[in-house]
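Engineer: Sharing a structure with you now.
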Amino acid sequence: MHFKTIFKSFKNKDMLKRILIILGILVAYRLLAHIPVPMGNASTFKEAVSNLLDKSDFSNFLNLISGGGLASFSIILVGLSPYITGSIIIQLLTKAIPSLEELSNDGETGRRKINQWTRMIAVPLAIVQSIAYIFILYQSTVSGNISSDFVPTTGDWILSVTAMTAGSIILMWLGELITEQGIGNGASMIIFASIISQLPTTMASLGSTLFTVPETGPLNLFGWLELPVNPVIFWILLGFVIALIIVIYFLVKLNEAQRIITINYAKRVHGNTSYGGIKSLLPIKLIAAGVIPVIFATAFLSLPALIGQVITTVNPGNEIGATLTNVFTAPSANNFLTNYPDGITGQWFIYPALYFVLVVAFTFFYTSIIFNTKEIADNLQKQGGFIEGVRPGITTANYLSKVVNRLNLFGALALGLIAMLPFITDYVFIAYLGYPIGLSISGTGLLIVVTVALENLRSLDSRALMVTYDDYSNEEPEDK
C-alpha cells in the first residue's frame with residue numbers, strides 16, 4: 001500500500017472531487033436513516049421493532065447493515081437486503097443455467113445486463129419485504145398489547161410500502177453513484193458506513209458502565225492515582241480492547257490469506273514465432289465465501305423462531321411454539337434477564353452450537369458453487385496450461401478440489417469462530433459480571449468492516465497511482 005502516494009493524490013482536483021462526492025452521498029444516506037415511514041405513530045412501531053429485535057438475531061443483523069434503519073423505523077428499513085438477495089439469486093442461477101453463465105463471461109456488456117436483471121429482481125423483493133415488515137410490526141403492536149388507536153387503511157399500506165421500496169431503490173442508486181467514482185464498491189461502502197454508524201451506541205453503553213463507580217470505591221493505580229471508574233469494568237474493557245486489536249489483526253490476515261498455485265503454459269512454435277512458455281499464478285483465497293455463509297446461517301436459524309412466534313401469536317398456550325421461540329432465539333443482552341433469570345443454562349449453548357455448525361456447512365456449500373474446480377481445470381487444459389507434477393484434465397480438477405477442501409476446513413472453522421465472537425464476549429461478561437453487555441458490532445460486522453476497508457484502500461491506492469502517474473513520469477532521473 002502506497003500511503004505516501006495516496007496523500008499526494010489529495011492535491012489532485014479530480015481525486016478530491018470524487019472523495020467529496022462519496023462523503024456527500026454517505027451523509028445523504030445517514031439523513032435518510034432518520035426519515036420515518038409514514039405509517040401512524042412512529043414511536044408505537046419503534047416499540048414493536050424493539051420487541052422484534054429482542055427475539056430475532058436475523059433482525060439484529062438487518063438492523064446492523066441498515067445502519068439502525070430498522071430500529072428507527074425509517075424509510076431505509078429494508079436497506080440493501082433485496083439487492084443482496086437478488087445478487088445471490090443471480091449468482092446461483094448463473095452457475096445453474098449455462099446461458100446465464102455464458103452471458104456473465106461476455107465481458108462488460110454481459111455484466112451490465114446481469115446487473116440490470118439484479119436490480120429488476122431487487123424491486124419486487126423490496127416490495128415483498130416491505131409488506132412483510134409492516135405486517136409483522138403491526139401484528140406485534142396488536143399481539144403485544146402496545147397502546148395504539150391507529151388502524152391502517154389501504155391507502156396507508158400503499159403509501160408505506162411505496163416509501164420503503166423507494167428507500168431501498170434510492171440506496172441502490174446511491175451505491176451505484178459511489179461505484180462510478182472508482183473508489184470502492186458502493187453497496188459495500190454503504191454497509192460499511194451502516195456498521196460504523198452503530199459505534200456511538202456501543203461507546204455510550206460501555207462509557208455509562210465504565211464510569212459507574214461501585215460502593216467498593218474507584219480504581220486505585222499503584223496506590224498513587226485514583227480514577228473515577230469501575231475497577232472491574234476497567235480491566236475487562238482493557239482486556240477487551242487488547243483482544244479487539246488482536247482479532248482485527250487476525251481478520252486482516254485471514255481476509256488476505258491465499259494459496260498461490262503456479263500455472264505453467266506449454267511453449268508452442270508456429271513458424272518463426274513461439275507462443276507460451278510462460279508462468280502465471282492462480283490465487284485461492286482462504287475464505288472465498290466471505291460473509292455469505294454467516295448470512296445464510298442466521299436466516300436459516302431465524303426461520304424456526306419466526307414459526308414459533310406465529311404459533312404463539314395464534315395460540316398463546318402452545319408449547320411447541322414457545323419451545324421453538326426460546327431455543328432458536330439468539331441469547332443476547334436484550335433477552336438475557338427474561339430468558340435466563342437464573343443464569344446460563346444448557347439451553348444457552350444450543351443456538352451458538354447450531355450457528356457454528358451451520359456457518360461451517362454453508363462455507364463448504366457456497367465455496368463449491370463459486371469455485372468450480374472442474375471448469376477451471378477444463379479452461380486450463382484448453383489454454384495449454386498445467387500444474388507442475390499434475391496431469392491436465394480430471395487429475396487437475398481433483399488436485400484443485402483437494403487444495404480447496406483443505407483451505408475450506410481451516411477457513412470455515414475460522415469464520416465460525418468469528419461469527420461466535422458475540423456469544424464468547426457475552427459469556428465472559430456473564431462469568432465476571434453476572435450479565436452480558438450488548439455490543440453493536442458483532443464478529444460478522446467486524447469482518448465486513450475489515451474486508452470493505454481493505455478493498456477500499458486497494459481501490460484508493462490504484463486511483464492514487466493513476467492520478468499521480470504523470471508526476472512520476474515527468475521526474476528527471478537522478479545523476480549517478
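Letters for chains follow the order of the C-alpha cells (A, B, ...), residue numbers begin at 1 for each chain, and ligand numbers begin at 1 in the order shown.
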Go through region 198-422 of chain A and collect every residue that DSSP, computed from the backbone, puts in helix (DSSP H, G or I); the answer should be as a PyMOL selection string.
Structural biologist: chain A and resi 199-210+231-256+292-314+319-327+336-339+346-370+373-382+394-419+421-422
Engineer: Show me, as a PDB file with N, CA and C atoms, in the first residue's frame, the residues that have an atom within 7 Å of region 246-260 of chain A when counting only C-alpha atoms, minus same-chain residues fewer than 4 positions from it.
Structural biologist:
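As written to disk, selection14.pdb reads:
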```pdb
ATOM      1  N   ILE A 242      -7.556  -4.954  23.966  1.00  0.00           N
ATOM      2  CA  ILE A 242      -6.391  -5.724  23.507  1.00  0.00           C
ATOM      3  C   ILE A 242      -6.835  -6.887  22.629  1.00  0.00           C
ATOM      4  N   LEU A 281      -0.062 -17.162 -12.109  1.00  0.00           N
ATOM      5  CA  LEU A 281      -0.429 -17.552 -10.742  1.00  0.00           C
ATOM      6  C   LEU A 281      -1.937 -17.705 -10.613  1.00  0.00           C
ATOM      7  N   LEU A 282      -2.359 -18.732  -9.880  1.00  0.00           N
ATOM      8  CA  LEU A 282      -3.771 -18.956  -9.579  1.00  0.00           C
ATOM      9  C   LEU A 282      -3.948 -18.817  -8.063  1.00  0.00           C
ATOM     10  N   PRO A 283      -4.431 -17.642  -7.595  1.00  0.00           N
ATOM     11  CA  PRO A 283      -4.620 -17.468  -6.142  1.00  0.00           C
ATOM     12  C   PRO A 283      -5.954 -18.061  -5.687  1.00  0.00           C
ATOM     13  N   ILE A 284      -5.936 -18.782  -4.581  1.00  0.00           N
ATOM     14  CA  ILE A 284      -7.162 -19.350  -3.990  1.00  0.00           C
ATOM     15  C   ILE A 284      -7.268 -18.803  -2.569  1.00  0.00           C
ATOM     16  N   LYS A 285      -8.296 -18.002  -2.313  1.00  0.00           N
ATOM     17  CA  LYS A 285      -8.447 -17.355  -1.012  1.00  0.00           C
ATOM     18  C   LYS A 285      -8.825 -18.370   0.069  1.00  0.00           C
ATOM     19  N   LEU A 286      -8.378 -18.079   1.273  1.00  0.00           N
ATOM     20  CA  LEU A 286      -8.691 -18.950   2.406  1.00  0.00           C
ATOM     21  C   LEU A 286     -10.186 -18.919   2.715  1.00  0.00           C
ATOM     22  N   ILE A 287     -10.781 -17.711   2.723  1.00  0.00           N
ATOM     23  CA  ILE A 287     -12.220 -17.577   2.945  1.00  0.00           C
ATOM     24  C   ILE A 287     -12.816 -16.980   1.673  1.00  0.00           C
ATOM     25  N   LEU A 447     -15.872  -8.398  10.538  1.00  0.00           N
ATOM     26  CA  LEU A 447     -15.335  -8.994   9.314  1.00  0.00           C
ATOM     27  C   LEU A 447     -15.702  -8.154   8.094  1.00  0.00           C
ATOM     28  N   VAL A 450     -13.574  -4.884   8.142  1.00  0.00           N
ATOM     29  CA  VAL A 450     -12.180  -5.119   7.750  1.00  0.00           C
ATOM     30  C   VAL A 450     -12.083  -5.396   6.254  1.00  0.00           C
ATOM     31  N   THR A 451     -12.978  -6.262   5.738  1.00  0.00           N
ATOM     32  CA  THR A 451     -12.945  -6.624   4.317  1.00  0.00           C
ATOM     33  C   THR A 451     -13.166  -5.405   3.433  1.00  0.00           C
TER      34      THR A 451
END
```
Engineer: Restricting the calculation to only C-alpha atoms: of A:Leu465, A:Pro214, A:Ile84, A:Arg111, which residue gets closest to Val291 (chain A)?
Structural biologist: A:Ile84
Engineer: Would you mind listing what lies within 10 Å of Asp378 (chain A) as a PDB file with N, CA and C atoms, in the first residue's frame, with only C-alpha atoms counted and same-chain residues fewer than 2 positions away left out?
Structural biologist:
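Generated output (result.pdb):
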```pdb
ATOM      1  N   THR A 373     -14.000 -26.294  -9.613  1.00  0.00           N
ATOM      2  CA  THR A 373     -12.674 -26.826  -9.949  1.00  0.00           C
ATOM      3  C   THR A 373     -12.649 -27.512 -11.316  1.00  0.00           C
ATOM      4  N   LYS A 374     -13.743 -28.174 -11.689  1.00  0.00           N
ATOM      5  CA  LYS A 374     -13.789 -28.858 -12.993  1.00  0.00           C
ATOM      6  C   LYS A 374     -13.724 -27.836 -14.131  1.00  0.00           C
ATOM      7  N   GLU A 375     -14.453 -26.750 -13.976  1.00  0.00           N
ATOM      8  CA  GLU A 375     -14.452 -25.698 -15.003  1.00  0.00           C
ATOM      9  C   GLU A 375     -13.069 -25.073 -15.141  1.00  0.00           C
ATOM     10  N   ILE A 376     -12.420 -24.806 -13.990  1.00  0.00           N
ATOM     11  CA  ILE A 376     -11.077 -24.214 -14.023  1.00  0.00           C
ATOM     12  C   ILE A 376     -10.091 -25.164 -14.691  1.00  0.00           C
ATOM     13  N   LEU A 380      -7.970 -24.452 -18.155  1.00  0.00           N
ATOM     14  CA  LEU A 380      -6.518 -24.543 -18.190  1.00  0.00           C
ATOM     15  C   LEU A 380      -6.061 -25.488 -19.303  1.00  0.00           C
ATOM     16  N   GLN A 381      -6.768 -26.604 -19.451  1.00  0.00           N
ATOM     17  CA  GLN A 381      -6.404 -27.579 -20.481  1.00  0.00           C
ATOM     18  C   GLN A 381      -6.591 -26.998 -21.890  1.00  0.00           C
ATOM     19  N   LYS A 382      -7.671 -26.223 -22.087  1.00  0.00           N
ATOM     20  CA  LYS A 382      -7.924 -25.603 -23.399  1.00  0.00           C
ATOM     21  C   LYS A 382      -6.867 -24.556 -23.737  1.00  0.00           C
ATOM     22  N   GLN A 383      -6.367 -23.873 -22.693  1.00  0.00           N
ATOM     23  CA  GLN A 383      -5.372 -22.811 -22.913  1.00  0.00           C
ATOM     24  C   GLN A 383      -3.942 -23.328 -22.884  1.00  0.00           C
ATOM     25  N   GLY A 384      -3.789 -24.643 -22.721  1.00  0.00           N
ATOM     26  CA  GLY A 384      -2.455 -25.228 -22.699  1.00  0.00           C
ATOM     27  C   GLY A 384      -1.746 -25.037 -21.378  1.00  0.00           C
ATOM     28  N   GLY A 385      -2.497 -24.773 -20.313  1.00  0.00           N
ATOM     29  CA  GLY A 385      -1.897 -24.584 -19.000  1.00  0.00           C
ATOM     30  C   GLY A 385      -1.931 -25.858 -18.176  1.00  0.00           C
ATOM     31  N   PRO A 392      -3.071 -32.782 -16.778  1.00  0.00           N
ATOM     32  CA  PRO A 392      -4.234 -31.937 -17.113  1.00  0.00           C
ATOM     33  C   PRO A 392      -5.534 -32.731 -17.085  1.00  0.00           C
ATOM     34  N   GLY A 393      -6.671 -32.015 -17.007  1.00  0.00           N
ATOM     35  CA  GLY A 393      -7.976 -32.669 -17.044  1.00  0.00           C
ATOM     36  C   GLY A 393      -8.508 -32.997 -15.669  1.00  0.00           C
ATOM     37  N   ILE A 394      -9.046 -34.207 -15.518  1.00  0.00           N
ATOM     38  CA  ILE A 394      -9.718 -34.608 -14.284  1.00  0.00           C
ATOM     39  C   ILE A 394      -8.744 -34.669 -13.105  1.00  0.00           C
ATOM     40  N   THR A 396      -6.206 -32.658 -12.589  1.00  0.00           N
ATOM     41  CA  THR A 396      -6.059 -31.272 -12.123  1.00  0.00           C
ATOM     42  C   THR A 396      -7.271 -30.843 -11.303  1.00  0.00           C
ATOM     43  N   ALA A 397      -8.473 -31.240 -11.774  1.00  0.00           N
ATOM     44  CA  ALA A 397      -9.705 -30.904 -11.041  1.00  0.00           C
ATOM     45  C   ALA A 397      -9.687 -31.527  -9.647  1.00  0.00           C
TER      46      ALA A 397
END
```
Engineer: Extract the full set of strand (DSSP E or B) residues from region 178-232 of chain A according to DSSP on the backbone, and format it as a list in words.
Structural biologist: Leu219, Asn220, Leu221, Leu225, Glu226 and Leu227 of chain A
Engineer: Please produce a file of the residues just selected, as a PDB file, in the first residue's frame, where the atoms kept are N, CA and C atoms.
Structural biologist:
```
ATOM      1  N   LEU A 219     -11.102   3.068  40.933  1.00  0.00           N
ATOM      2  CA  LEU A 219      -9.887   2.323  40.592  1.00  0.00           C
ATOM      3  C   LEU A 219      -8.666   3.010  41.208  1.00  0.00           C
ATOM      4  N   ASN A 220      -7.855   2.231  41.913  1.00  0.00           N
ATOM      5  CA  ASN A 220      -6.633   2.746  42.535  1.00  0.00           C
ATOM      6  C   ASN A 220      -5.433   2.130  41.822  1.00  0.00           C
ATOM      7  N   LEU A 221      -4.649   2.996  41.145  1.00  0.00           N
ATOM      8  CA  LEU A 221      -3.486   2.515  40.397  1.00  0.00           C
ATOM      9  C   LEU A 221      -2.217   2.700  41.219  1.00  0.00           C
ATOM     10  N   LEU A 225      -2.660   6.918  42.351  1.00  0.00           N
ATOM     11  CA  LEU A 225      -3.578   7.552  41.398  1.00  0.00           C
ATOM     12  C   LEU A 225      -4.937   6.869  41.471  1.00  0.00           C
ATOM     13  N   GLU A 226      -5.968   7.686  41.635  1.00  0.00           N
ATOM     14  CA  GLU A 226      -7.334   7.171  41.653  1.00  0.00           C
ATOM     15  C   GLU A 226      -8.085   7.673  40.422  1.00  0.00           C
ATOM     16  N   LEU A 227      -8.747   6.732  39.741  1.00  0.00           N
ATOM     17  CA  LEU A 227      -9.557   7.073  38.568  1.00  0.00           C
ATOM     18  C   LEU A 227     -11.023   6.821  38.894  1.00  0.00           C
TER      19      LEU A 227
END
```
Engineer: Which residues are near Ala464 (chain A)? Cut-off 12 Å, only C-alpha atoms, ignore same chain within fewer than 3 positions. Put them as a PyMOL selection string.
Structural biologist: chain A and resi 1-16+18-19+182-183+456-461+467-472
Engineer: Which residue gives the smallest distance to Val123 (chain A) among A:Pro304, A:Pro82, A:Pro152, A:Pro231, with only C-alpha atoms counted?
Structural biologist: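 Going through A:Pro304, A:Pro82, A:Pro152, A:Pro231 one by one, the smallest distance to Val123 (chain A) is for A:Pro82.
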Engineer: Which residue gives the smallest distance to Ala122 (chain A) among A:Ser168, A:Leu137, A:Glu215, A:Arg30, with only C-alpha atoms counted?
Structural biologist: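 Once distances to Ala122 (chain A) are computed over only C-alpha atoms, the minimum belongs to A:Ser168.
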Engineer: CA of Gly411 (chain A) and CA of Asn379 (chain A), how far apart in Å?
Structural biologist: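 If I compute the distance from CA of Asn379 (chain A) to CA of Gly411 (chain A), I get 25.9 Å.
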Engineer: Of the candidates A:Ala132, A:Ile418, A:Ile121, A:Ala412, which one gets nearest to Thr367 (chain A) if we count only C-alpha atoms?
Structural biologist: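 Among the listed residues, the smallest separation from Thr367 (chain A) belongs to A:Ala412.
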